[in-house]
>>> print(open('coords-v3.cif').read())   # mmCIF, C-alpha atoms
data_model
loop_
_atom_site.label_atom_id
_atom_site.label_comp_id
_atom_site.auth_asym_id
_atom_site.auth_seq_id
_atom_site.Cartn_x
_atom_site.Cartn_y
_atom_site.Cartn_z
CA MET A 15 -15.59 19.19 -9.33
CA SER A 16 -17.02 17.98 -12.60
CA ALA A 17 -14.61 15.07 -12.46
CA LEU A 18 -15.93 14.14 -9.03
CA VAL A 19 -19.52 14.31 -10.22
CA GLY A 20 -18.55 12.14 -13.16
CA ALA A 21 -16.93 9.60 -10.87
CA ALA A 22 -20.04 9.65 -8.72
CA GLU A 23 -22.15 8.90 -11.78
CA VAL A 24 -19.91 5.95 -12.56
CA VAL A 25 -20.46 4.67 -9.00
CA ALA A 26 -24.19 4.99 -9.40
CA GLY A 27 -24.03 3.44 -12.84
CA ASN A 28 -22.65 0.26 -11.32
CA LEU A 29 -25.84 -0.12 -9.30
CA PRO A 30 -28.52 0.54 -11.89
CA GLY A 31 -31.03 -1.82 -10.36
CA VAL A 32 -30.68 -0.39 -6.87
CA ALA A 33 -30.67 3.24 -8.00
CA GLY A 34 -33.68 2.69 -10.22
CA LEU A 35 -35.64 0.66 -7.71
CA LEU A 36 -35.20 2.52 -4.48
CA PRO A 37 -36.72 5.97 -4.98
CA GLN A 38 -40.13 4.37 -5.32
CA ALA A 39 -39.60 2.24 -2.24
CA VAL A 40 -41.79 4.47 -0.06
CA ASP A 41 -45.45 4.85 -0.84
CA SER A 42 -47.46 7.86 0.16
CA ALA A 43 -48.49 6.33 3.47
CA GLY A 44 -44.88 6.04 4.58
CA ASP A 45 -44.78 2.28 4.43
CA ALA A 46 -41.76 0.68 2.87
CA SER A 47 -41.93 -2.12 0.36
CA THR A 48 -42.05 -5.73 1.48
CA ALA A 49 -38.53 -6.41 0.25
CA GLU A 50 -37.23 -3.57 2.34
CA ALA A 51 -39.14 -4.83 5.37
CA VAL A 52 -37.64 -8.29 4.97
CA LEU A 53 -34.14 -6.83 4.66
CA PHE A 54 -34.69 -4.66 7.71
CA TRP A 55 -36.02 -7.45 9.89
CA VAL A 56 -33.12 -9.67 8.90
CA LEU A 57 -30.44 -7.04 9.42
CA ALA A 58 -31.76 -5.24 12.51
CA PRO A 59 -31.49 -8.22 14.92
CA ILE A 60 -28.03 -9.02 13.55
CA MET A 61 -26.94 -5.43 14.15
CA VAL A 62 -28.33 -5.29 17.67
CA ILE A 63 -26.72 -8.61 18.61
CA ALA A 64 -23.42 -7.52 17.10
CA SER A 65 -23.55 -4.26 19.02
CA PHE A 66 -24.09 -6.26 22.21
CA GLY A 67 -20.97 -8.13 21.16
CA LEU A 68 -19.13 -4.82 21.40
CA LEU A 69 -20.54 -4.30 24.87
CA PHE A 70 -19.81 -7.78 26.24
CA ALA A 71 -16.92 -9.24 24.24
CA ARG A 72 -13.92 -10.07 26.40
CA LYS A 73 -11.37 -9.73 23.65
CA ALA A 74 -10.97 -6.39 21.89
CA VAL A 75 -10.55 -8.08 18.50
CA HIS A 76 -13.99 -9.70 18.82
CA ALA A 77 -15.48 -6.32 19.69
CA ALA A 78 -13.83 -4.80 16.60
CA LEU A 79 -15.18 -7.57 14.38
CA SER A 80 -18.71 -7.13 15.70
CA VAL A 81 -18.49 -3.38 15.05
CA ILE A 82 -17.38 -4.14 11.50
CA LEU A 83 -20.47 -6.35 11.13
CA VAL A 84 -22.69 -3.50 12.36
CA MET A 85 -21.09 -1.08 9.92
CA VAL A 86 -21.44 -3.33 6.89
CA SER A 87 -25.10 -3.94 7.78
CA LEU A 88 -25.55 -0.17 8.09
CA ALA A 89 -24.15 0.19 4.57
CA PHE A 90 -26.87 -2.21 3.36
CA LEU A 91 -29.52 -0.13 5.11
CA TYR A 92 -28.15 3.09 3.58
CA VAL A 93 -28.36 1.65 0.08
CA THR A 94 -31.87 0.41 0.80
CA GLN A 95 -32.89 3.87 1.92
CA GLY A 96 -31.70 5.47 -1.30
CA ALA A 97 -28.38 6.76 0.04
CA VAL A 98 -26.26 4.82 -2.43
CA PHE A 99 -23.25 7.14 -2.15
CA LEU A 100 -23.25 7.00 1.64
CA GLY A 101 -23.53 3.22 1.52
CA VAL A 102 -20.40 2.98 -0.59
CA VAL A 103 -18.59 5.54 1.57
CA GLN A 104 -19.65 3.64 4.68
CA VAL A 105 -17.96 0.49 3.42
CA VAL A 106 -14.87 2.25 2.08
CA VAL A 107 -14.24 4.75 4.88
CA TYR A 108 -15.70 3.18 7.99
CA THR A 109 -15.17 -0.52 7.42
CA GLY A 110 -12.15 -0.24 5.16
CA ALA A 111 -10.19 2.56 6.78
CA ILE A 112 -11.36 3.38 10.30
CA MET A 113 -11.94 -0.14 11.58
CA MET A 114 -8.73 -1.36 9.99
CA LEU A 115 -6.96 1.48 11.80
CA PHE A 116 -8.56 0.23 15.01
CA LEU A 117 -7.30 -3.26 14.31
CA PHE A 118 -3.81 -1.95 13.60
CA VAL A 119 -3.71 -0.09 16.91
CA LEU A 120 -5.09 -3.19 18.62
CA MET A 121 -2.17 -5.18 17.27
CA LEU A 122 0.21 -2.40 18.31
CA VAL A 123 -1.13 -2.14 21.85
CA GLY A 124 -1.40 -5.90 22.26
CA VAL A 125 -4.31 -8.19 21.57
CA SER A 126 -4.20 -9.55 25.08
CA SER A 127 -4.93 -6.21 26.73
CA ALA A 128 -7.95 -7.24 28.75
CA ASP A 129 -10.25 -5.07 30.81
CA SER A 130 -9.35 -4.51 34.41
CA LEU A 131 -12.11 -5.60 36.72
CA VAL A 132 -11.09 -3.32 39.58
CA GLU A 133 -13.54 -0.49 40.10
CA THR A 134 -11.69 2.77 40.58
CA ILE A 135 -14.93 4.70 40.96
CA ARG A 136 -17.30 3.11 43.43
CA GLY A 137 -20.48 1.77 41.86
CA GLN A 138 -19.44 2.93 38.41
CA ARG A 139 -20.73 -0.26 36.81
CA TRP A 140 -24.24 0.19 38.12
CA ILE A 141 -24.27 3.89 37.32
CA GLY A 142 -23.13 3.07 33.81
CA TRP A 143 -25.87 0.50 33.30
CA LEU A 144 -28.45 2.88 34.73
CA ALA A 145 -27.32 5.72 32.46
CA GLY A 146 -27.31 3.48 29.38
CA ILE A 147 -30.79 2.14 30.02
CA GLY A 148 -31.97 5.62 30.95
CA LEU A 149 -30.68 6.95 27.64
CA LEU A 150 -32.51 4.15 25.82
CA VAL A 151 -35.76 5.06 27.62
CA VAL A 152 -35.35 8.75 26.83
CA LEU A 153 -34.63 8.04 23.17
CA ALA A 154 -37.62 5.67 22.97
CA GLY A 155 -39.77 8.40 24.45
CA VAL A 156 -38.52 10.98 21.96
CA ILE A 157 -38.93 8.66 18.99
CA GLY A 158 -42.36 7.56 20.18
CA THR A 159 -43.80 11.01 20.82
CA ALA A 160 -42.25 13.00 17.98
CA ALA A 161 -44.54 13.98 15.12
CA TYR A 162 -43.16 12.90 11.76
CA PRO A 163 -44.07 14.43 8.43
CA THR A 164 -45.55 12.26 5.77
CA PRO A 165 -42.53 10.53 4.18
CA VAL A 166 -41.72 12.10 0.85
CA GLY A 167 -39.14 9.59 -0.35
CA LEU A 168 -36.05 10.43 -2.33
CA GLY A 169 -37.58 9.88 -5.75
CA ALA A 170 -37.38 13.52 -6.79
CA ALA A 171 -34.10 14.26 -5.04
CA ASN A 172 -32.35 11.25 -6.58
CA GLU A 173 -33.57 11.99 -10.08
CA ASP A 174 -30.05 12.41 -11.55
CA THR A 175 -28.71 9.56 -9.43
CA ASN A 176 -27.96 9.96 -5.73
CA PRO A 177 -24.23 10.87 -5.97
CA THR A 178 -24.96 13.67 -8.42
CA GLY A 179 -27.56 15.14 -6.11
CA ILE A 180 -25.23 14.92 -3.12
CA ALA A 181 -22.40 16.50 -5.11
CA ARG A 182 -24.72 19.42 -6.03
CA VAL A 183 -25.53 20.02 -2.35
CA ILE A 184 -21.95 19.59 -1.08
CA PHE A 185 -20.28 21.76 -3.70
CA GLY A 186 -23.14 24.25 -3.87
CA GLU A 187 -24.62 25.06 -0.50
CA TYR A 188 -21.88 23.55 1.68
CA VAL A 189 -18.75 24.26 -0.33
CA PHE A 190 -17.25 26.32 2.49
CA ALA A 191 -17.89 23.53 4.99
CA MET A 192 -16.17 21.19 2.55
CA GLU A 193 -13.07 23.40 2.52
CA VAL A 194 -13.07 23.62 6.31
CA VAL A 195 -13.35 19.85 6.56
CA GLY A 196 -10.30 19.54 4.28
CA ALA A 197 -8.35 21.80 6.64
CA LEU A 198 -9.60 19.69 9.56
CA LEU A 199 -8.28 16.50 7.96
CA VAL A 200 -4.86 18.05 7.35
CA THR A 201 -4.77 19.28 10.94
CA ALA A 202 -5.75 15.85 12.24
CA ALA A 203 -2.97 14.21 10.23
CA LEU A 204 -0.44 16.70 11.61
CA GLY A 205 -1.82 16.18 15.11
CA ALA A 206 -1.37 12.42 14.82
CA LEU A 207 2.21 12.97 13.69
CA VAL A 208 2.90 15.26 16.64
CA PHE A 209 1.31 12.86 19.12
CA THR A 210 3.23 9.84 17.99
CA HIS A 211 6.51 11.72 17.54
CA ARG A 212 9.09 10.79 20.11
CA ARG A 213 11.82 13.28 20.92
CA ARG A 214 15.26 11.77 21.38
CA LEU A 215 16.36 12.21 24.99
CA THR A 216 19.89 10.91 24.49
CA PRO A 217 22.23 11.69 21.56
CA ARG A 218 22.17 9.15 18.79
CA LEU A 219 24.83 6.41 19.09
CA GLY A 220 26.33 5.80 15.66
CA GLN A 221 29.20 3.65 14.54
CA ARG A 222 31.69 6.44 15.17
CA GLU A 223 30.51 7.01 18.75
CA ARG A 224 30.59 3.30 19.55
CA ALA A 225 34.16 3.00 18.21
CA ASP A 226 35.28 5.98 20.28
CA ALA A 227 33.68 4.51 23.40
CA ARG A 228 35.46 1.19 22.84
CA VAL A 229 38.84 2.90 22.50
CA ARG A 230 38.19 5.00 25.58
CA ALA A 231 37.22 1.93 27.62
CA GLY A 232 40.38 0.14 26.55
CA GLN A 233 38.51 -2.90 25.32
CA HIS A 234 39.72 -5.41 22.77
CA LEU A 235 39.74 -3.36 19.56
CA ALA A 236 40.57 -5.91 16.90
CA PRO A 237 38.31 -8.87 16.15
CA LEU A 238 38.58 -11.70 18.68
CA PRO A 239 40.99 -14.53 17.77
CA ALA A 240 39.55 -17.50 15.94
CA PRO A 241 39.24 -20.86 17.72
CA GLY A 242 42.20 -23.19 17.72
CA VAL A 243 43.35 -25.20 14.73
CA TYR A 244 45.42 -28.30 15.56
CA ALA A 245 46.70 -31.30 13.74
CA LYS A 246 44.39 -33.53 15.75
CA HIS A 247 41.53 -31.28 16.64
CA ASN A 248 39.96 -28.50 14.69
CA ALA A 249 36.65 -27.37 16.04
CA MET A 250 34.81 -24.33 17.27
CA ASP A 251 35.05 -25.48 20.87
CA VAL A 252 38.85 -25.61 21.11
CA PRO A 253 40.54 -22.45 22.37
CA ALA A 254 43.37 -21.00 20.34
CA LEU A 255 46.84 -20.62 21.87
CA ASP A 256 48.58 -17.37 22.52
CA PRO A 257 52.31 -16.97 21.72
CA TYR A 258 53.17 -18.31 25.17
CA GLY A 259 51.14 -21.44 24.68
CA ARG A 260 48.26 -20.47 26.95
CA PRO A 261 44.74 -21.14 25.72
CA ILE A 262 42.76 -17.98 24.87
CA GLU A 263 39.28 -18.40 26.35
CA SER A 264 37.79 -15.59 24.32
CA SER A 265 38.61 -17.31 21.04
CA VAL A 266 35.81 -19.83 21.60
CA PRO A 267 32.47 -18.42 20.39
CA ARG A 268 30.51 -16.80 23.20
CA VAL A 269 27.45 -18.97 22.61
CA LEU A 270 29.47 -22.15 23.22
CA ARG A 271 30.99 -20.63 26.35
CA VAL A 272 27.59 -19.65 27.72
CA ARG A 273 26.26 -23.14 27.07
CA GLY A 274 29.39 -24.65 28.69
CA GLN A 275 30.14 -26.62 25.53
CA GLU A 276 33.73 -25.48 25.01
CA ALA A 277 36.57 -27.94 25.35
CA ASP A 278 38.36 -27.86 28.68
CA ALA A 279 40.92 -25.08 28.52
CA ALA A 280 42.77 -26.46 31.52
CA GLU A 281 43.25 -29.73 29.69
CA TYR A 282 44.88 -27.93 26.80
CA ALA A 283 47.03 -25.92 29.16
CA ALA A 284 48.20 -29.16 30.79
CA ARG A 285 48.98 -30.61 27.39
CA ILE A 286 51.00 -27.53 26.53
CA ASP A 287 52.91 -27.89 29.78
CA ARG A 288 53.72 -31.46 28.91
CA VAL A 289 54.89 -30.38 25.49
CA ILE A 290 57.07 -27.71 27.03
CA ALA A 291 58.55 -30.24 29.44
CA GLY A 292 59.30 -32.65 26.60
CA LYS A 293 60.92 -29.94 24.54
CA ALA A 294 63.03 -28.89 27.52
CA ALA A 295 64.14 -32.50 28.01
CA VAL A 296 65.11 -32.77 24.33
CA GLU A 297 66.91 -29.46 24.46
CA SER A 298 68.97 -30.49 27.51
CA GLY A 299 70.39 -33.41 25.48
CA ARG A 300 71.42 -31.29 22.52
CA THR A 301 74.65 -29.45 21.96
CA ALA A 302 74.80 -25.75 22.27
CA LEU A 303 75.56 -25.45 18.56
CA ASP A 304 72.45 -27.34 17.53
CA GLU A 305 70.31 -25.19 19.71
CA GLN A 306 71.84 -22.08 18.27
CA GLN A 307 71.00 -23.26 14.76
CA ASP A 308 67.51 -24.48 15.57
CA ASN A 309 66.31 -21.70 17.82
CA PRO A 310 68.33 -18.57 17.97
CA PRO A 311 67.49 -17.00 21.33
CA PRO A 312 65.56 -13.75 21.12
CA VAL A 313 67.66 -10.66 21.37
CA ALA A 314 65.56 -9.05 24.05
CA ASP A 315 65.16 -12.23 26.10
CA PRO A 316 66.13 -11.36 29.65
CA ALA A 317 67.66 -13.93 31.95
CA GLY A 318 64.48 -14.30 33.99
CA ALA A 319 62.19 -15.13 31.08
CA PRO A 320 60.17 -18.37 31.39
CA VAL A 321 62.12 -21.30 30.16
CA GLY A 322 61.30 -22.23 26.65
CA ALA A 323 58.52 -19.73 26.31
CA PRO A 324 59.68 -18.34 22.95
CA HIS A 325 59.93 -21.83 21.46
CA ILE A 326 56.41 -22.99 22.07
CA GLY A 327 55.13 -22.86 18.51
CA ASP A 328 58.14 -24.79 17.40
CA ALA A 329 57.78 -27.25 20.24
CA VAL A 330 54.13 -28.02 19.51
CA ALA A 331 54.86 -28.66 15.86
CA GLY A 332 57.91 -30.75 16.64
CA VAL A 333 56.32 -33.01 19.22
CA ASP A 334 53.14 -33.50 17.21
CA ALA A 335 55.14 -34.61 14.23
CA SER A 336 57.72 -36.73 15.98
CA ALA A 337 55.83 -38.38 18.83
CA PRO A 338 52.12 -38.65 18.04
CA ASP A 339 51.58 -41.26 20.72
CA SER A 340 52.57 -38.86 23.47
CA GLU A 341 49.23 -37.01 23.22
CA GLU A 342 45.86 -38.48 23.84
CA GLY A 343 43.63 -38.00 20.84
CA LYS A 344 40.49 -36.10 21.31
CA MET B 1 -42.92 -1.35 8.65
CA THR B 2 -42.57 2.40 8.68
CA LEU B 3 -39.52 4.62 8.63
CA THR B 4 -39.83 4.95 12.41
CA HIS B 5 -38.38 1.46 12.71
CA TYR B 6 -35.08 2.79 11.43
CA LEU B 7 -35.15 5.45 14.11
CA VAL B 8 -35.83 2.84 16.80
CA LEU B 9 -32.89 0.77 15.55
CA SER B 10 -30.74 3.88 15.53
CA GLY B 11 -31.77 4.66 19.12
CA ILE B 12 -30.90 1.15 20.28
CA LEU B 13 -27.50 1.29 18.62
CA PHE B 14 -26.84 4.72 20.11
CA SER B 15 -27.71 3.52 23.62
CA VAL B 16 -25.51 0.46 23.28
CA GLY B 17 -22.64 2.67 22.11
CA ALA B 18 -23.14 5.02 25.04
CA ALA B 19 -23.28 2.10 27.48
CA THR B 20 -20.04 0.79 25.97
CA VAL B 21 -18.33 4.12 26.56
CA LEU B 22 -19.59 4.15 30.15
CA LEU B 23 -18.86 0.53 31.04
CA ARG B 24 -15.78 -0.68 29.21
CA ARG B 25 -12.32 0.11 30.60
CA ASN B 26 -10.30 -0.67 27.51
CA ALA B 27 -9.68 2.65 25.76
CA ILE B 28 -9.92 1.15 22.29
CA ILE B 29 -13.26 -0.55 22.97
CA ALA B 30 -14.64 2.65 24.52
CA PHE B 31 -13.51 4.47 21.40
CA MET B 32 -15.35 1.94 19.23
CA GLY B 33 -18.44 2.75 21.31
CA VAL B 34 -18.08 6.38 20.19
CA GLU B 35 -17.89 5.18 16.59
CA LEU B 36 -21.05 3.14 17.08
CA MET B 37 -22.85 6.22 18.39
CA LEU B 38 -21.75 8.23 15.35
CA ASN B 39 -22.98 5.47 13.06
CA ALA B 40 -26.35 5.35 14.79
CA THR B 41 -26.64 9.11 14.29
CA ASN B 42 -25.85 8.68 10.62
CA LEU B 43 -28.62 6.12 10.27
CA SER B 44 -31.19 8.53 11.68
CA LEU B 45 -29.84 11.33 9.47
CA VAL B 46 -30.28 9.16 6.38
CA THR B 47 -33.76 8.22 7.52
CA PHE B 48 -34.70 11.86 8.08
CA SER B 49 -33.32 12.68 4.66
CA ARG B 50 -35.68 10.12 3.17
CA MET B 51 -38.61 11.39 5.22
CA HIS B 52 -38.17 14.94 4.03
CA GLY B 53 -37.13 14.07 0.51
CA GLU B 54 -34.02 16.22 0.76
CA LEU B 55 -30.38 15.27 0.40
CA THR B 56 -29.14 17.66 3.08
CA GLY B 57 -29.40 14.94 5.72
CA GLN B 58 -27.16 12.67 3.69
CA VAL B 59 -24.67 15.49 3.23
CA LEU B 60 -24.68 16.00 6.99
CA ALA B 61 -24.04 12.26 7.49
CA PHE B 62 -21.18 12.56 5.01
CA PHE B 63 -19.61 15.36 7.04
CA VAL B 64 -20.08 13.29 10.19
CA MET B 65 -18.11 10.50 8.54
CA VAL B 66 -15.27 12.85 7.58
CA VAL B 67 -15.08 14.33 11.06
CA ALA B 68 -15.20 10.81 12.53
CA ALA B 69 -12.21 9.85 10.39
CA ALA B 70 -10.24 12.84 11.68
CA GLU B 71 -11.33 12.07 15.23
CA VAL B 72 -10.23 8.44 14.95
CA VAL B 73 -6.80 9.47 13.70
CA VAL B 74 -6.19 11.82 16.62
CA GLY B 75 -7.84 9.58 19.22
CA LEU B 76 -5.85 6.50 18.26
CA ALA B 77 -2.67 8.59 18.24
CA ILE B 78 -3.47 9.64 21.81
CA ILE B 79 -4.11 6.02 22.82
CA VAL B 80 -0.80 4.93 21.28
CA ALA B 81 1.06 7.79 22.98
CA ILE B 82 -0.45 6.89 26.37
CA PHE B 83 0.34 3.23 25.79
CA ARG B 84 3.96 4.11 25.11
CA THR B 85 4.39 5.98 28.37
CA ARG B 86 2.13 3.95 30.68
CA ARG B 87 2.33 0.50 29.05
CA SER B 88 -1.44 0.18 29.37
CA ALA B 89 -4.54 0.76 27.26
CA SER B 90 -6.87 0.91 30.23
CA ILE B 91 -8.74 4.12 30.94
CA ASP B 92 -8.36 3.63 34.70
CA ASP B 93 -4.59 3.97 34.48
CA VAL B 94 -4.77 7.48 33.06
CA ASN B 95 -5.10 9.28 36.39
CA LEU B 96 -1.87 11.20 36.28
CA LEU B 97 -3.56 14.51 37.03
CA LYS B 98 -5.43 13.11 40.02
CA SER B 99 -4.48 14.82 43.31
#
>>> encode(input="coords-v3.cif", output="structure tokens")
Amino acid sequence: MSALVGAAEVVAGNLPGVAGLLPQAVDSAGDASTAEAVLFWVLAPIMVIASFGLLFARKAVHAALSVILVMVSLAFLYVTQGAVFLGVVQVVVYTGAIMMLFLFVLMLVGVSSADSLVETIRGQRWIGWLAGIGLLVVLAGVIGTAAYPTPVGLGAANEDTNPTGIARVIFGEYVFAMEVVGALLVTAALGALVFTHRRRLTPRLGQRERADARVRAGQHLAPLPAPGVYAKHNAMDVPALDPYGRPIESSVPRVLRVRGQEADAAEYAARIDRVIAGKAAVESGRTALDEQQDNPPPVADPAGAPVGAPHIGDAVAGVDASAPDSEEGK
Amino acid sequence: MTLTHYLVLSGILFSVGAATVLLRRNAIIAFMGVELMLNATNLSLVTFSRMHGELTGQVLAFFVMVVAAAEVVVGLAIIVAIFRTRRSASIDDVNLLKS
């Protein structure tokens, strides 16, 4: 507590002119000094206009900015009235914390969230205007007819600087209220956590669960094959060939396939067919011995297997090297 | 000028805040209207404190500020929670309990 009072004295010490000047700002007749009157008449219209900005602004951000203007002006008025501590707290807590929180939520909810102009309650607009103006009239009546005591001014109360006096009242008379307010703040923080907490309705999908699901669905487990690499063409848009010489569509990146920028797979298939035909023609001219040495037939090759299918890799390499003119360059 | 001018200003700000709560449909703007009303109350509390030469009014304004901070935290959490479920920050859309 003494540390807080000390800090408060430091705050007041930074404003020696204000703290020393203000307690005498009210004379016995209740009239404020001329400087205060000037400040008031400059700030009051600004505050009223800014508050109308809150009432009429179309965009929520503009409304928030006008409220910030009102609050900073209020801080000025507090300091002028001898409430130096409250003036500082007004800037720090209201303008610095609460309004910034409003702006954060505004960004979260969406700046473009405009008012709906559909009236769900009939005549609500007129009733609202009537109630607002009625409240103003009632308040004007109360303020106009109330009997005020002769203003005392805070000269005596602020003798040991305003924050020290406030600290004496808070931690003396109202220390229990202070404790309760602390409990209230903790409860509010917990309440905000509970409100914004979202319970998970479905179990969390981690890496393990995704892998299991892929295996269960029988999808392609290994990484997809890379695009084709050829002696004449090596690019992302060329499909790779499977062991039987057929182009693998999925080896071309998905983005290129979606855009329709991949090379024509049918064209490559046709080229492969031509290669196979050429290889078959060459093979028919060879002796059986040569063929045995070049390409030993697979052990498990049944009689009905496609002709030349096991030799494709060899055939592509052979034709590309021996007869480059037979393929159109790409 | 007298100290009554501060009270008049406070009354005007309070009425504008109340009208904002009554007229605006955006929940956040209506909430800012509540804040404006609290601020207007604080201004009259500070003025009364000066009139009577006692600091109790300022202490009361201080407590109002603390309670307002707690209220803003919970209120904005409610607005965010409603926005998550209804995709709207308009007060008119919160009629789930109707009929």
>>> residues_around(input="coords-v3.cif", residues="Leu88 in chain A", least_positions_apart="6", cutoff="10 Å", atoms="only C-alpha atoms", output="PyMOL selection string")
(chain A and resi 57-58+61+82+94+100-101+104-105) or (chain B and resi 10+39-40+42-43)
>>> resolve_selection(input="coords-v3.cif", expression="the PyMOL selection byres ((chain B and resi 19-27) around 9)", output="PyMOL selection string")
(chain A and resi 66+68-70+74+127-131+138-147+149) or (chain B and resi 14-18+28-34+79+89-92)
>>> residues_around(input="coords-v3.cif", residues="Ile78 in chain B", least_positions_apart="6", cutoff="9 Å", atoms="only C-alpha atoms", output="PDB file with C-alpha atoms, in the frame of the given file")
ATOM      1  CA  ALA A 206      -1.370  12.420  14.820  1.00  0.00           C
ATOM      2  CA  PHE A 209       1.310  12.860  19.120  1.00  0.00           C
ATOM      3  CA  THR A 210       3.230   9.840  17.990  1.00  0.00           C
TER       4      THR A 210
END
>>> atom_distance(input="coords-v3.cif", atom1="CA of Arg228 in chain A", atom2="CA of Gly242 in chain A")
25.8 Å
>>> residues_near_point(input="coords-v3.cif", point="(-20.7, 12.3, 9.9)", cutoff="12 Å", atoms="all atoms listed in the file", output="ChimeraX atom specification")
/A:100,103-104,107-108,195 /B:35-46,57-71
>>> resolve_selection(input="coords-v3.cif", expression="the PyMOL selection byres ((chain A and resi 153) around 10)", output="list in words")
Ile147, Gly148, Leu149, Leu150, Val151, Val152, Ala154, Gly155, Val156, Ile157, Gly158 and Thr159 of chain A; Leu7, Val8, Ser10, Gly11, Ile12, Phe14 and Ser15 of chain B
>>> closest_residue(input="coords-v3.cif", among="A:Pro165, A:Gly124, A:Pro241, A:Pro261", to="chain B", atoms="only C-alpha atoms")
A:Pro165
>>> residues_around(input="coords-v3.cif", residues="Leu207 in chain A", least_positions_apart="5", cutoff="10 Å", atoms="all atoms listed in the file", output="PyMOL selection string")
(chain A and resi 201-202+212) or (chain B and resi 73-74+77)
>>> atom_distance(input="coords-v3.cif", atom1="CA of Pro177 in chain A", atom2="CA of Phe99 in chain A")
5.4 Å
>>> resolve_selection(input="coords-v3.cif", expression="the PyMOL selection byres ((chain A and resi 276) around 9)", output="list in words")
Met250, Asp251, Val252, Pro253, Val266, Pro267, Leu270, Arg271, Val272, Arg273, Gly274, Gln275, Ala277, Asp278 and Ala279 of chain A
>>> residues_around(input="coords-v3.cif", residues="Leu122 in chain A", least_positions_apart="3", cutoff="8 Å", atoms="all atoms listed in the file", output="PyMOL selection string")
(chain A and resi 118-119) or (chain B and resi 80)
>>> atom_distance(input="coords-v3.cif", atom1="CA of Ala294 in chain A", atom2="CA of Asp256 in chain A")
19.1 Å
